[in-house]
Structure formats: C-alpha cells, structure tokens
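Working notes, beginning with the structure itself.
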Amino acid sequence: MTFRKKFNLPETATESQLKFMKIVLKEIGGDIYDSFPDSLYLARIQLGLKDRFHSFVPCPKCHKLYNKTDMDEIQKNDSIGIIRCSHVEFPNSASRRTKSCQTVLAEREGKKPELIYPFVPIHQQLEVLYHRPHFERLLRHWSNRRQFDNILTDIYDGQIWKTFRETDDENSAKFFRPEVADSHLGLMINLDWFQPYDGTFYSIGVIYAAICNLPRDIRFKRENLLVLGLLPGPNEVSLHKINHYIAPIVNELELLWSGITLNRTFECQNGKNIRAALVLISCDIPAARKICGHISALVSCHRCMKRANYEDHQHNFAGMEDMENWFITRDSTEHRRNALAWRSCNSTNSRKNFVSEKGVRWSELLRLPYFDPIRFIIVDPMHCLFLGIARWIMKRIWIDEGVLTPNDLKKIQEKMNQFKVPADLGRIPGNIERGEGFSNYTADQWRIFFMIYATTSLWEHLPSKDRKILTHFVRVCSILVSRILEIELMEEAHERLIKIIKLIEVHYGRVKITPNLHLSLHLCDCSNDFGPLYAFWCFSFERMNGILGKIFFFYFFTFLLYSDIVSLIFNNF
Ligand SMILES: [Zn+2]
Ligand SMILES: [Zn+2]
C-alpha cells in the first residue's frame with residue numbers, strides 16, 4: 001500500500017501486480033499460497049485495513065445525508081429494497097408537515113447509490129497529525145515570535161487572533177495564548193469547486209481546513225491540511241442545501257470547541273486535551289456567501305449596509321457620494337436573528353421573500369456560538385483584486401470602452417516582449433493584441449501583469465484619468481500583496497481604492513461599479529482582523545485544488561469508481 005501511495009499507482013495497476021505476485025508465489029510455493037489475495041478488496045480484508053472515512057449517501061434532490069452503513073443494512077433486510085428520502089423541508093408548516101421528499105435513494109440490493117459524500121471526522125485527522133514528531137513544537141512556533149506595533153506580518157497580528165476569548169464573557173481568558181499554543185487551534189476553512197474533467201461539465205466541491213497555529217510556510221502544505229469533505233457532483237449544490245454537507249463538520253467543530261482528549265500525542269504519551277475554533281472562512285465570494293447564508297454578492301454586501309442599485313436592467317454598487325451612510329459594519333447578532341427567522345419560514349415562497357428583504361438564510365455554521373458571520377468571512381484578495389478588478393479595468397473598461405484600440409494593444413504587446421524578467425516569475429501569455437491574451441490570465445498572471453508590465457507598457461496609451469486609475473491600482477497591489485504590511489500604508493491603500501472607484505464612477509458610469517470594486521473597500525478591514533492578505537488568501541488552497549484536479553483527471557481515464565477516487569484522496573492524507 002505504501003508502494004502504491006508513493007508512486008501514485010492506480011488501483012487497477014496494483015491489482016494486476018497482486019495477481020502477478022500470486023502467480024509467482026504459487027509457482028514457487030504451490031498450494032500454500034492459495035489464500036494469498038489477488039484483489040485489493042481481499043488484501044484489505046486480510047490485512048485488516050479500513051478506509052478512514054465515513055460515507056454518507058446524499059439525496060440527489062434535497063441533499064439530506066443518510067449514513068451509508070445504515071442504508072446497506074436496510075437494503076439487506078428490506079424485501080422491497082427501495083429506499084426513499086424521508087426529509088421534511090418545512091416541519092413547521094400545517095400543510096407540509098407530513099410531506100417528505102420521497103426521492104429514491106437506492107433501488108435494489110447491491111445497486112450502489114448515485115452519490116456518496118465521504119467524510120473524515122476532524123478529530124480523527126488531528127489525532128494523526130499529533131502523532132507526528134515536531135508537530136506540537138510547530139504549533140507553538142507562533143507564541144515565540146517578536147511583535148511590532150506598526151506592522152502586520154501574519155494572522156497572529158490581526159485583531160481576531162489577539163482578542164478571541166474562551167467564552168462569550170469578555171473577561172474570560174484569551175483563547176490563543178502562549179500556555180495553550182499547541183492545544184488551542186485556530187482553523188481556517190476553504191471551500192472550492194473545481195472541474196476535474198476537460199470537456200464535460202462536472203463540479204466537485206472540496207472543503208479543507210488549515211491550522212493557523214502552524215508557521216505560514218508549512219500551513220498550506222498538503223500534509224498539514226485537513227480535508228473535511230468532498231461534495232459530489234455533477235452540479236454545485238445550491239444555496240441552503242449545502243447545509244446538509246456542512247452539518248457533520250459543524251458537529252465536529254462543536255465537539256472541538258468544548259474540548260476533546262487525544263489518547264496519545266508525540267509529546268504526551270498519556271494523552272492531551274485540545275480545543276479548536278473556526279476563526280476564518282477563506283473562499284471566493286460566492287462559496288463564502290453560500291456556506292455562511294448570505295444573499296448573492298450581486299444584491300448586497302455581506303460586510304456593510306450597502307445594497308446594489310438596479311439600473312439599466314442590471315445591478316451596480318455605485319453611490320460613493322454618500323459612503324458614510326452605508327459604510328457601516330453589519331451587526332452579527334441581527335444576522336443570527338434573521339437566519340433563525342428564515343429557518344422558521346414555512347414555504348419556499350416565504351423564504352424567498354424573506355431573503356430578498358433581509359439578505360440572509362440559515363447556515364449550520366451559526367450553531368457555533370463564537371462564529372461571527374460578518375467578520376470571519378474575508379474578502380479574498382486574489383479573486384477581488386486580480387480576477388475581479390484587474391481584469392475588469394483592463395477588459396471591460398479600457399478595451400471595451402475603446403480607450404485601448406487594437407493598434408495600442410499591438411504596441412503594448414511589442415513592449416511587453418522586450419521585458420527580461422527572472423525565469424521564476426513565470427511567463428505572461430502573449431497575443432494580447434488579438435484580445436485573446438487576457439482571456440485566460442490566472443490571478444497570479446494578473447498580479448504580475450499589473451505589478452511589472454502595466455505601468456511601462458500602458459502609460460503612453462492612456463489618457464490622464466486612466467493613468468490615475470493605473471497608478472492608484474498598481475500602488476494598491478504593491479502595498480496589499482506584501483508579506484509585511486505597514487498599518488499606515490494599509491490606510492493609504494484604502495484611500496486609493498476609494499479614488500479608483502470614484503474615478504470609474506465619474507468617467508465610465510455607475511454601471512461599471514461591480515461587486516468586486518465595492519468589496520475591495522473591505523480588504524483593509526480584513527487585514528486588520530487577520531493580518532496581511534498573504535496570510536489568508538486563497539492562492540494557498542488553489543494549489544491543493546490543482547493537485548486534486550490532476551488526481552481526478554487521471555482516475556477518470558482509468559475508469560475507476562468515484563468511491564475509489566475518494567478512497568485514494570482520503571487515505572493519502
Ligand atoms: Zn430528499
Ligand atoms: Zn460593503
């Protein structure tokens with residue numbers, strides 16, 4: 001098995017290898033090797049190896065989860081063999097109280113259910129990590145660092161880490177303090193959807209957690225990440241239905257908040273008590289809002305009181321002239337109240353009306369008493385600044401509005417070709433003169449484009465108002481992406497972002513103010529809470545998705561079952 005993991009062999013290859021070994025052994029030793037396993041299934045049974053994950057069967061319609069072992073049992077004992085979903089969506093409605101979903105979950109004995117949701121309890125994964133040498137020492141690393149008043153270097157310099165308490169009593173002890181540096185963990189969660197297969201539309205969602213106590217350079221390494229769940233495709237689960245998948249994770253987080261005992265750790269052979277809190281959700285905006293129960297980013301902001309304007313048949317976030325009226329942090333207590341009220345609505349329509357008025361749905365994460373549904377959701381700088389604003393300014397403003405003509409783009413490309421950049425920066429795709437070049441830029445390529453190429457290559461082609469936008473934006477990027485963030489410079493970045501939005505609103509119209517432009521106004525709040533953007537941005541998790549994407553792609557072509565792929569991913573962590 002170790003050999004298989006080390007060389008990343010597919011199960012089919014390992015099976016052939018086992019079969020071959022059995023033939024050789026039988027040739028040498030004869031009948032005594034009759035019982036040697038010739039399949040992975042038998043090898044696992046004989047060696048007593050078990051998968052480390054639980055499997056749930058989600059209802060394909062409402063996504064309610066059923067324990068797979070229970071389902072197998074029912075299937076075996078039930079003569080009819082058909083299992084239907086018994087979920088009641090509106091238990092408090094007089095007319096719908098008895099109306100259950102009734103979608104068929106499994107038809108006959110032996111037939112595998114369509115979807116599987118694999119899940120490894122967080123405490124089980126932590127137990128494995130705590131067995132490793134040096135893990136506890138690395139968890140304590142943050143408590144020995146030097147602190148400065150005017151700079152932010154990591155998540156520990158943010159207000160959340162510094163002020164988070166053991167209970168909701170403000171006089172209670174700080175949760176993150178040196179004495180418990182290796183037993184009180186701060187978790188950061190990421191949910192991302194990715195399409196593993198080219199040419200077919202198939203989305204798989206992965207929920208990871210990083211342990212913030214670990215030093216930044218190893219925090220996001222594959223071996224230190226916890227994989228909390230793998231949401232089955234082919235489509236992204238919609239809106240509040242995602243709660244069914246989050247519920248088992250929240251059950252675990254509730255346990256970890258009250259504290260669990262690990263039987264043995266590397267440093268404590270007699271066991272150790274640990275606690276953990278989820279202090280940060282770092283996803284792209286649609287995913288973050290979905291798991292936390294906020295309405296779409298097109299309609300209103302999740303951090304402040306700003307609501308979108310509906311003009312010319314589309315939403316926009318213009319209206320910088322009365323910023324003081326809406327740039328006010330939302331109240332998390334009110335959010336919780338509204339989420340509970342949404343949950344008690346007794347029909348789809350009443351829930352719909354409620355969401356359009358209040359902008360809030362129920363999220364299972366609200367079961368965590370300490371969870372702040374406003375401050376703990378960061379605006380991801382990678383999506384906001386690079387995939388959002390950089391692309392928007394270049395493509396939808398300068399190119400679409402004719403500021404940069406095809407001829408300008410050609411000259412810009414010629415200029416860019418003259419750049420000699422260090423090889424480790426990565427190449428920027430060419431062909432921008434045909435308008436194709438920018439289409440597939442990744443967030444990182446947009447960052448490199450604006451921080452290295454843009455000023456020199458665009459300057460002579462831009463009128464003065466756009467030169468101002470460019471100058472402000474390049475400066476904002478260089479301040480915000482630095483690994484050590486000066487608090488004073490952070491304020492400068494915020495002021496410049498306001499200027500960019502005002503310039504775009506005045507010169508290109510209110511319709512050009514997108515949710516991302518608005519959300520950039522919250523980047524500095526996020527840094528204040530969680531340190532430099534580098535400490536919490538999604539870049540780190542995206543690398544992980546690249547690895548998983550490759551595994552899925554590879555296994556798709558070996559025609560293995562989804563459950564085999566899942567087994568490979570979970571048993572490799
Ligand atoms: Zn159902
Ligand atoms: Zn806002």
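Every chain in the structure tokens takes a letter, A first, then B, and so on in the order presented; its residues are numbered from 1, and the ligands are numbered from 1 following the presented order.
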Per residue of chain A within 9 Å of ligand 1, which atom pair is closest and at what distance in Å (one decimal), using only C-alpha atoms and all ligand atoms, listed by chain and increasing number, as CSV?
```
residue,atom,partner,partner_atom_place_in_ligand_line,distance
A:Pro58,CA,ligand 1,1 (Zn),7.9
A:Cys59,CA,ligand 1,1 (Zn),4.6
A:Pro60,CA,ligand 1,1 (Zn),6.6
A:Lys61,CA,ligand 1,1 (Zn),5.1
A:Cys62,CA,ligand 1,1 (Zn),4.1
A:His63,CA,ligand 1,1 (Zn),5.9
A:Lys64,CA,ligand 1,1 (Zn),5.7
A:Leu65,CA,ligand 1,1 (Zn),8.6
A:Arg84,CA,ligand 1,1 (Zn),7.7
A:Cys85,CA,ligand 1,1 (Zn),4.6
A:Ser86,CA,ligand 1,1 (Zn),6.6
A:His87,CA,ligand 1,1 (Zn),5.5
A:Val88,CA,ligand 1,1 (Zn),8.1
A:Glu89,CA,ligand 1,1 (Zn),8.8
A:Ser100,CA,ligand 1,1 (Zn),7.6
A:Cys101,CA,ligand 1,1 (Zn),4.5
A:Gln102,CA,ligand 1,1 (Zn),6.2
A:Thr103,CA,ligand 1,1 (Zn),5.4
A:Val104,CA,ligand 1,1 (Zn),8.1
A:Leu105,CA,ligand 1,1 (Zn),8.1
```
Output for the residues just chosen: C-alpha atoms as a PDB file, in the first residue's frame:
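Writing done, so here's again.pdb:
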```pdb
ATOM      1  CA  PRO A  58     -26.963  12.304  -0.129  1.00  0.00           C
ATOM      2  CA  CYS A  59     -30.473  12.544  -1.537  1.00  0.00           C
ATOM      3  CA  PRO A  60     -29.979  13.634  -5.172  1.00  0.00           C
ATOM      4  CA  LYS A  61     -32.807  16.161  -4.819  1.00  0.00           C
ATOM      5  CA  CYS A  62     -32.748  17.745  -1.343  1.00  0.00           C
ATOM      6  CA  HIS A  63     -29.203  16.640  -0.354  1.00  0.00           C
ATOM      7  CA  LYS A  64     -30.203  15.282   3.060  1.00  0.00           C
ATOM      8  CA  LEU A  65     -27.465  12.848   4.143  1.00  0.00           C
ATOM      9  CA  ARG A  84     -36.763   6.813  -0.299  1.00  0.00           C
ATOM     10  CA  CYS A  85     -35.707  10.111   1.254  1.00  0.00           C
ATOM     11  CA  SER A  86     -37.715  10.969   4.352  1.00  0.00           C
ATOM     12  CA  HIS A  87     -36.560  14.577   4.710  1.00  0.00           C
ATOM     13  CA  VAL A  88     -39.278  17.107   5.557  1.00  0.00           C
ATOM     14  CA  GLU A  89     -38.245  20.577   4.412  1.00  0.00           C
ATOM     15  CA  SER A 100     -41.419  14.238   2.797  1.00  0.00           C
ATOM     16  CA  CYS A 101     -39.050  14.398  -0.159  1.00  0.00           C
ATOM     17  CA  GLN A 102     -39.654  10.767  -1.299  1.00  0.00           C
ATOM     18  CA  THR A 103     -36.815  10.794  -3.841  1.00  0.00           C
ATOM     19  CA  VAL A 104     -35.469   7.288  -4.434  1.00  0.00           C
ATOM     20  CA  LEU A 105     -32.071   6.864  -2.757  1.00  0.00           C
TER      21      LEU A 105
END
```
Discussion item. As a PyMOL selection string, please: the residues near A:Phe194 (cut-off 7 Å, only C-alpha atoms, same-chain neighbours under 5 positions excluded).
Written reply: chain A and resi 203-205
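Nearest-residue note for ligand 2: choosing from A:Arg343, A:Lys19, A:Arg330, A:Lys415, the minimum distance belongs to A:Arg330, counting only C-alpha atoms and all ligand atoms.
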Discussion item. My list of candidates is A:Trp326, A:Trp362, A:Trp446, A:Phe419. Which is closest to ligand 2 when distances are computed with only C-alpha atoms and all ligand atoms?
Written reply: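 Between A:Trp326, A:Trp362, A:Trp446, A:Phe419, the residue approaching ligand 2 most closely is A:Trp326.
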Would you mind listing what lies within 12 Å of A:His518 as a short mmCIF file (atom, residue, chain, number, x, y, z; two decimals) with N, CA and C atoms, in the first residue's frame, with only C-alpha atoms counted and same-chain residues fewer than 2 positions away left out?
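The resulting file, result-v4.cif, is shown below:
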```
data_model
loop_
_atom_site.label_atom_id
_atom_site.label_comp_id
_atom_site.auth_asym_id
_atom_site.auth_seq_id
_atom_site.Cartn_x
_atom_site.Cartn_y
_atom_site.Cartn_z
N ALA A 297 -23.76 38.17 -3.91
CA ALA A 297 -22.96 39.40 -3.87
C ALA A 297 -23.47 40.44 -4.87
N LEU A 298 -24.29 40.02 -5.82
CA LEU A 298 -24.81 40.99 -6.79
C LEU A 298 -25.84 41.90 -6.13
N VAL A 299 -26.47 41.41 -5.07
CA VAL A 299 -27.60 42.13 -4.48
C VAL A 299 -27.20 43.04 -3.32
N SER A 300 -26.37 42.51 -2.43
CA SER A 300 -25.93 43.39 -1.34
C SER A 300 -24.61 42.90 -0.76
N CYS A 301 -23.94 43.79 -0.05
CA CYS A 301 -22.65 43.47 0.54
C CYS A 301 -22.89 42.67 1.82
N HIS A 302 -22.00 41.72 2.14
CA HIS A 302 -22.20 40.95 3.36
C HIS A 302 -21.52 41.59 4.56
N ARG A 303 -20.69 42.60 4.31
CA ARG A 303 -19.97 43.21 5.45
C ARG A 303 -20.53 44.55 5.88
N CYS A 304 -21.07 45.32 4.89
CA CYS A 304 -21.59 46.64 5.26
C CYS A 304 -23.03 46.78 4.79
N MET A 305 -23.62 47.94 5.00
CA MET A 305 -25.05 48.12 4.73
C MET A 305 -25.36 48.43 3.26
N LYS A 306 -24.34 48.40 2.42
CA LYS A 306 -24.56 48.77 1.01
C LYS A 306 -25.42 47.73 0.30
N ARG A 307 -26.45 48.21 -0.40
CA ARG A 307 -27.25 47.34 -1.26
C ARG A 307 -27.06 47.78 -2.69
N ALA A 308 -27.15 46.85 -3.64
CA ALA A 308 -26.92 47.22 -5.04
C ALA A 308 -28.05 48.11 -5.56
N ASN A 316 -25.66 47.48 -9.82
CA ASN A 316 -24.34 48.11 -9.66
C ASN A 316 -24.18 48.60 -8.23
N PHE A 317 -22.93 48.86 -7.86
CA PHE A 317 -22.64 49.28 -6.48
C PHE A 317 -22.18 50.73 -6.41
N ALA A 318 -22.67 51.53 -7.38
CA ALA A 318 -22.28 52.94 -7.41
C ALA A 318 -22.92 53.70 -6.24
N GLY A 319 -22.46 54.91 -6.05
CA GLY A 319 -23.02 55.75 -4.99
C GLY A 319 -21.99 56.09 -3.94
N MET A 320 -20.79 56.50 -4.42
CA MET A 320 -19.71 56.80 -3.48
C MET A 320 -19.96 58.12 -2.74
N MET A 323 -21.08 57.63 0.99
CA MET A 323 -20.42 56.46 1.58
C MET A 323 -20.64 56.36 3.10
N TRP A 326 -23.60 54.21 4.24
CA TRP A 326 -23.68 52.74 4.12
C TRP A 326 -22.40 52.01 4.53
N PHE A 327 -21.29 52.71 4.66
CA PHE A 327 -20.04 52.02 5.00
C PHE A 327 -20.00 51.78 6.52
N VAL A 379 -12.83 38.89 2.45
CA VAL A 379 -12.93 39.15 1.02
C VAL A 379 -11.63 38.63 0.46
N CYS A 384 -10.77 39.13 -5.61
CA CYS A 384 -11.27 40.50 -5.67
C CYS A 384 -10.34 41.40 -6.49
N LEU A 385 -9.07 41.44 -6.11
CA LEU A 385 -8.15 42.37 -6.77
C LEU A 385 -7.75 41.93 -8.17
N GLY A 388 -10.94 39.83 -10.24
CA GLY A 388 -12.06 40.78 -10.30
C GLY A 388 -11.64 42.11 -10.90
N ILE A 389 -10.99 42.94 -10.11
CA ILE A 389 -10.75 44.33 -10.53
C ILE A 389 -9.74 44.46 -11.68
N HIS A 494 -6.36 51.89 1.20
CA HIS A 494 -7.81 52.06 1.29
C HIS A 494 -8.25 53.37 0.61
N LEU A 497 -8.12 53.01 -3.12
CA LEU A 497 -9.22 52.20 -3.66
C LEU A 497 -10.48 53.07 -3.80
N ILE A 498 -10.72 53.92 -2.81
CA ILE A 498 -11.87 54.83 -2.89
C ILE A 498 -11.73 55.72 -4.13
N LYS A 499 -10.51 56.23 -4.35
CA LYS A 499 -10.28 57.12 -5.51
C LYS A 499 -10.52 56.38 -6.83
N ILE A 500 -10.06 55.12 -6.92
CA ILE A 500 -10.26 54.34 -8.15
C ILE A 500 -11.76 54.22 -8.44
N ILE A 501 -12.53 53.86 -7.42
CA ILE A 501 -13.97 53.64 -7.64
C ILE A 501 -14.63 54.95 -8.06
N LYS A 502 -14.23 56.05 -7.41
CA LYS A 502 -14.82 57.35 -7.76
C LYS A 502 -14.48 57.73 -9.20
N ILE A 504 -13.77 55.74 -11.72
CA ILE A 504 -14.52 54.89 -12.66
C ILE A 504 -15.98 55.33 -12.71
N GLU A 505 -16.54 55.62 -11.54
CA GLU A 505 -17.96 56.02 -11.49
C GLU A 505 -18.19 57.31 -12.27
N ARG A 510 -22.13 54.65 -13.64
CA ARG A 510 -22.46 53.88 -12.43
C ARG A 510 -22.49 52.38 -12.70
N LYS A 512 -20.54 50.59 -14.19
CA LYS A 512 -19.23 49.92 -14.16
C LYS A 512 -18.76 49.58 -12.75
N ILE A 513 -19.55 49.96 -11.74
CA ILE A 513 -19.10 49.65 -10.36
C ILE A 513 -19.63 48.26 -9.96
N THR A 514 -18.73 47.31 -10.00
CA THR A 514 -19.09 45.91 -9.75
C THR A 514 -19.00 45.56 -8.27
N PRO A 515 -19.56 44.39 -7.90
CA PRO A 515 -19.41 43.95 -6.50
C PRO A 515 -17.94 43.89 -6.07
N ASN A 516 -17.05 43.44 -6.96
CA ASN A 516 -15.63 43.35 -6.57
C ASN A 516 -15.04 44.72 -6.24
N SER A 520 -13.59 45.56 -2.50
CA SER A 520 -12.20 45.95 -2.23
C SER A 520 -12.12 46.96 -1.08
N LEU A 521 -13.23 47.66 -0.83
CA LEU A 521 -13.24 48.62 0.28
C LEU A 521 -13.13 47.91 1.63
N HIS A 522 -13.34 46.59 1.63
CA HIS A 522 -13.26 45.86 2.90
C HIS A 522 -11.94 45.12 3.08
N LEU A 523 -11.06 45.20 2.08
CA LEU A 523 -9.79 44.46 2.18
C LEU A 523 -8.99 44.89 3.40
#
```
Item to complete: Report the distance between atom CA of A:Phe450 and atom CA of A:His383 in Å, rounded to one decimal place.
Response: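 Answer for the atom CA of A:Phe450 to atom CA of A:His383 separation: 14.7 Å.
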Item to complete: Excluding A:Ile116 and residues on its chain fewer than 3 positions from it, collect all residues at most 7 Å away from it, counting only C-alpha atoms, and give them as a ChimeraX atom specification.
Response: /A:55-58,232
Would you export the selected residues with N, CA and C atoms as a PDB file, in the first residue's frame, please?
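So selection-v3.pdb came out as:
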```
ATOM      1  N   SER A  55     -18.973   7.155   4.991  1.00  0.00           N
ATOM      2  CA  SER A  55     -19.660   7.547   3.765  1.00  0.00           C
ATOM      3  C   SER A  55     -21.107   7.874   4.065  1.00  0.00           C
ATOM      4  N   PHE A  56     -21.541   8.989   3.527  1.00  0.00           N
ATOM      5  CA  PHE A  56     -22.949   9.343   3.599  1.00  0.00           C
ATOM      6  C   PHE A  56     -23.520   9.227   2.196  1.00  0.00           C
ATOM      7  N   VAL A  57     -24.801   8.915   2.120  1.00  0.00           N
ATOM      8  CA  VAL A  57     -25.470   8.928   0.819  1.00  0.00           C
ATOM      9  C   VAL A  57     -26.377  10.154   0.797  1.00  0.00           C
ATOM     10  N   PRO A  58     -26.088  11.130  -0.081  1.00  0.00           N
ATOM     11  CA  PRO A  58     -26.963  12.304  -0.129  1.00  0.00           C
ATOM     12  C   PRO A  58     -28.174  12.043  -1.024  1.00  0.00           C
ATOM     13  N   PRO A 232     -20.103  15.820  -3.732  1.00  0.00           N
ATOM     14  CA  PRO A 232     -20.230  15.132  -5.018  1.00  0.00           C
ATOM     15  C   PRO A 232     -20.827  16.017  -6.102  1.00  0.00           C
TER      16      PRO A 232
END
```
Fill in: DSSP-assigned strand (DSSP E) members of stretch 156-355 of chain A, reported as number ranges by chain
A: 184-194, 204-211, 226-231, 260-262, 272-281, 309-311, 314-316
With only C-alpha atoms as the counted atoms, please give the residues lying no more than 10 Å from A:Asp182, apart from itself and same-chain residues fewer than 2 positions off, as a PDB file with C-alpha atoms, in the first residue's frame.
```
ATOM      1  CA  TYR A 130      -0.437  14.930  16.676  1.00  0.00           C
ATOM      2  CA  PHE A 135       4.020  18.788  15.184  1.00  0.00           C
ATOM      3  CA  GLU A 136       3.391  20.213  18.657  1.00  0.00           C
ATOM      4  CA  ARG A 137       6.604  22.209  18.528  1.00  0.00           C
ATOM      5  CA  LEU A 138       5.482  23.729  15.228  1.00  0.00           C
ATOM      6  CA  LEU A 139       2.083  24.597  16.717  1.00  0.00           C
ATOM      7  CA  ARG A 140       3.848  26.585  19.445  1.00  0.00           C
ATOM      8  CA  HIS A 141       6.008  28.448  16.982  1.00  0.00           C
ATOM      9  CA  TRP A 142       3.690  31.476  16.799  1.00  0.00           C
ATOM     10  CA  SER A 143       3.878  32.153  20.531  1.00  0.00           C
ATOM     11  CA  PHE A 176      -4.949  31.942  21.785  1.00  0.00           C
ATOM     12  CA  ARG A 177      -2.273  32.394  24.407  1.00  0.00           C
ATOM     13  CA  PRO A 178       1.243  31.025  24.808  1.00  0.00           C
ATOM     14  CA  GLU A 179       0.441  28.462  27.557  1.00  0.00           C
ATOM     15  CA  VAL A 180      -2.009  26.658  25.270  1.00  0.00           C
ATOM     16  CA  HIS A 184      -5.880  25.594  21.267  1.00  0.00           C
ATOM     17  CA  LEU A 185      -6.113  25.551  17.494  1.00  0.00           C
ATOM     18  CA  ASN A 213      -1.113  27.881  14.559  1.00  0.00           C
ATOM     19  CA  LEU A 214       1.364  26.343  12.114  1.00  0.00           C
ATOM     20  CA  ILE A 274      -7.203  20.026  22.852  1.00  0.00           C
ATOM     21  CA  ARG A 275      -9.718  22.606  21.659  1.00  0.00           C
TER      22      ARG A 275
END
```
Worksheet item: Just how far from atom CA of A:Trp193 is atom CA of A:Pro369, in Å to one decimal?
Response: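 Spanning atom CA of A:Pro369 to atom CA of A:Trp193 is a straight-line distance of 27.5 Å.
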Item to complete: Output as a ChimeraX atom specification all residues of stretch 172-226 of chain A that backbone DSSP marks as alpha helix (DSSP H).
Response: /A:216-219
Practice prompt. Just give me the gap between atom CA of A:Ala535 and atom CA of A:Ile155 in Å, one decimal is fine.
Written response: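 Atom CA of A:Ile155 lies 5.9 Å from atom CA of A:Ala535.
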Item to complete: Just the residues within 10 Å of A:Arg132, please, counting only C-alpha atoms, with nothing from its chain fewer than 4 positions along; format it as a list in words.
Response: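 Neighbouring residues, sequence-local ones excluded: Glu127, Val128, Glu136, Thr265, Phe266 and Glu267 of chain A.
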Expected file: the selected residues, N, CA, C and O atoms, as a PDB file, in the first residue's frame:
```
ATOM      1  N   GLU A 127      -5.730  13.649  15.262  1.00  0.00           N
ATOM      2  CA  GLU A 127      -5.020  12.612  16.004  1.00  0.00           C
ATOM      3  C   GLU A 127      -3.788  12.128  15.225  1.00  0.00           C
ATOM      4  O   GLU A 127      -2.715  11.959  15.795  1.00  0.00           O
ATOM      5  N   VAL A 128      -3.976  11.956  13.920  1.00  0.00           N
ATOM      6  CA  VAL A 128      -2.857  11.505  13.081  1.00  0.00           C
ATOM      7  C   VAL A 128      -1.742  12.562  13.091  1.00  0.00           C
ATOM      8  O   VAL A 128      -0.561  12.247  13.247  1.00  0.00           O
ATOM      9  N   GLU A 136       3.759  19.326  17.542  1.00  0.00           N
ATOM     10  CA  GLU A 136       3.391  20.213  18.657  1.00  0.00           C
ATOM     11  C   GLU A 136       4.359  21.396  18.769  1.00  0.00           C
ATOM     12  O   GLU A 136       3.945  22.514  19.071  1.00  0.00           O
ATOM     13  N   THR A 265      -0.206  11.680  22.121  1.00  0.00           N
ATOM     14  CA  THR A 265       0.405  12.534  21.101  1.00  0.00           C
ATOM     15  C   THR A 265       1.908  12.255  21.138  1.00  0.00           C
ATOM     16  O   THR A 265       2.374  11.556  22.036  1.00  0.00           O
ATOM     17  N   PHE A 266       2.634  12.841  20.218  1.00  0.00           N
ATOM     18  CA  PHE A 266       4.074  12.570  20.181  1.00  0.00           C
ATOM     19  C   PHE A 266       4.744  12.994  21.487  1.00  0.00           C
ATOM     20  O   PHE A 266       5.590  12.288  22.028  1.00  0.00           O
ATOM     21  N   GLU A 267       4.322  14.168  22.016  1.00  0.00           N
ATOM     22  CA  GLU A 267       4.965  14.659  23.242  1.00  0.00           C
ATOM     23  C   GLU A 267       4.299  14.156  24.515  1.00  0.00           C
ATOM     24  O   GLU A 267       4.926  14.113  25.560  1.00  0.00           O
TER      25      GLU A 267
END
```
Worksheet item: What lies within 10 Å of A:Arg483 using only C-alpha atoms, ignoring chain neighbours under 2 positions off, as an NGL selection string?
Response: :A and (152-154 or 479-481 or 485-486 or 531-535)
Just the selected residues (C-alpha atoms), exported as a PDB file, in the first residue's frame, please.
```
ATOM      1  CA  LEU A 152       1.289  43.094  10.377  1.00  0.00           C
ATOM      2  CA  THR A 153       3.273  40.002   9.474  1.00  0.00           C
ATOM      3  CA  ASP A 154       0.833  37.146   9.991  1.00  0.00           C
ATOM      4  CA  ILE A 479       1.059  47.570  -0.742  1.00  0.00           C
ATOM      5  CA  LEU A 480      -1.503  44.841  -0.196  1.00  0.00           C
ATOM      6  CA  VAL A 481       0.405  41.855  -1.554  1.00  0.00           C
ATOM      7  CA  LEU A 485       2.108  45.111   5.854  1.00  0.00           C
ATOM      8  CA  GLU A 486       2.636  48.534   7.403  1.00  0.00           C
ATOM      9  CA  GLY A 531      -3.054  40.271   9.114  1.00  0.00           C
ATOM     10  CA  PRO A 532      -1.528  40.715   5.672  1.00  0.00           C
ATOM     11  CA  LEU A 533      -3.556  39.378   2.748  1.00  0.00           C
ATOM     12  CA  TYR A 534      -0.782  36.895   2.148  1.00  0.00           C
ATOM     13  CA  ALA A 535      -1.671  35.185   5.433  1.00  0.00           C
TER      14      ALA A 535
END
```
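Residue nearest ligand 2 within the list A:Leu519, A:Ile32, A:Asp525, A:Met416: A:Leu519 [criterion: smallest interatomic distance, only C-alpha atoms and all ligand atoms].
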Worksheet item: From the set A:Leu253, A:Met382, A:Ile374, A:Val206, which residue has the shortest atom-to-atom contact distance to ligand 2, counting only C-alpha atoms and all ligand atoms?
Response: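 Between A:Leu253, A:Met382, A:Ile374, A:Val206, the residue approaching ligand 2 most closely is A:Ile374.
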Worksheet entry | Pick from A:Leu231, A:Ile432, A:Met490, A:Ile378, whichever lies nearest to ligand 2 using only C-alpha atoms and all ligand atoms |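 The shortest atom-to-atom distance to ligand 2 comes from A:Ile378.
Counting only C-alpha atoms and all ligand atoms, the residue from A:Asp149, A:Asp31, A:Glu492, A:Glu324 that sits nearest to ligand 2 is A:Glu324.
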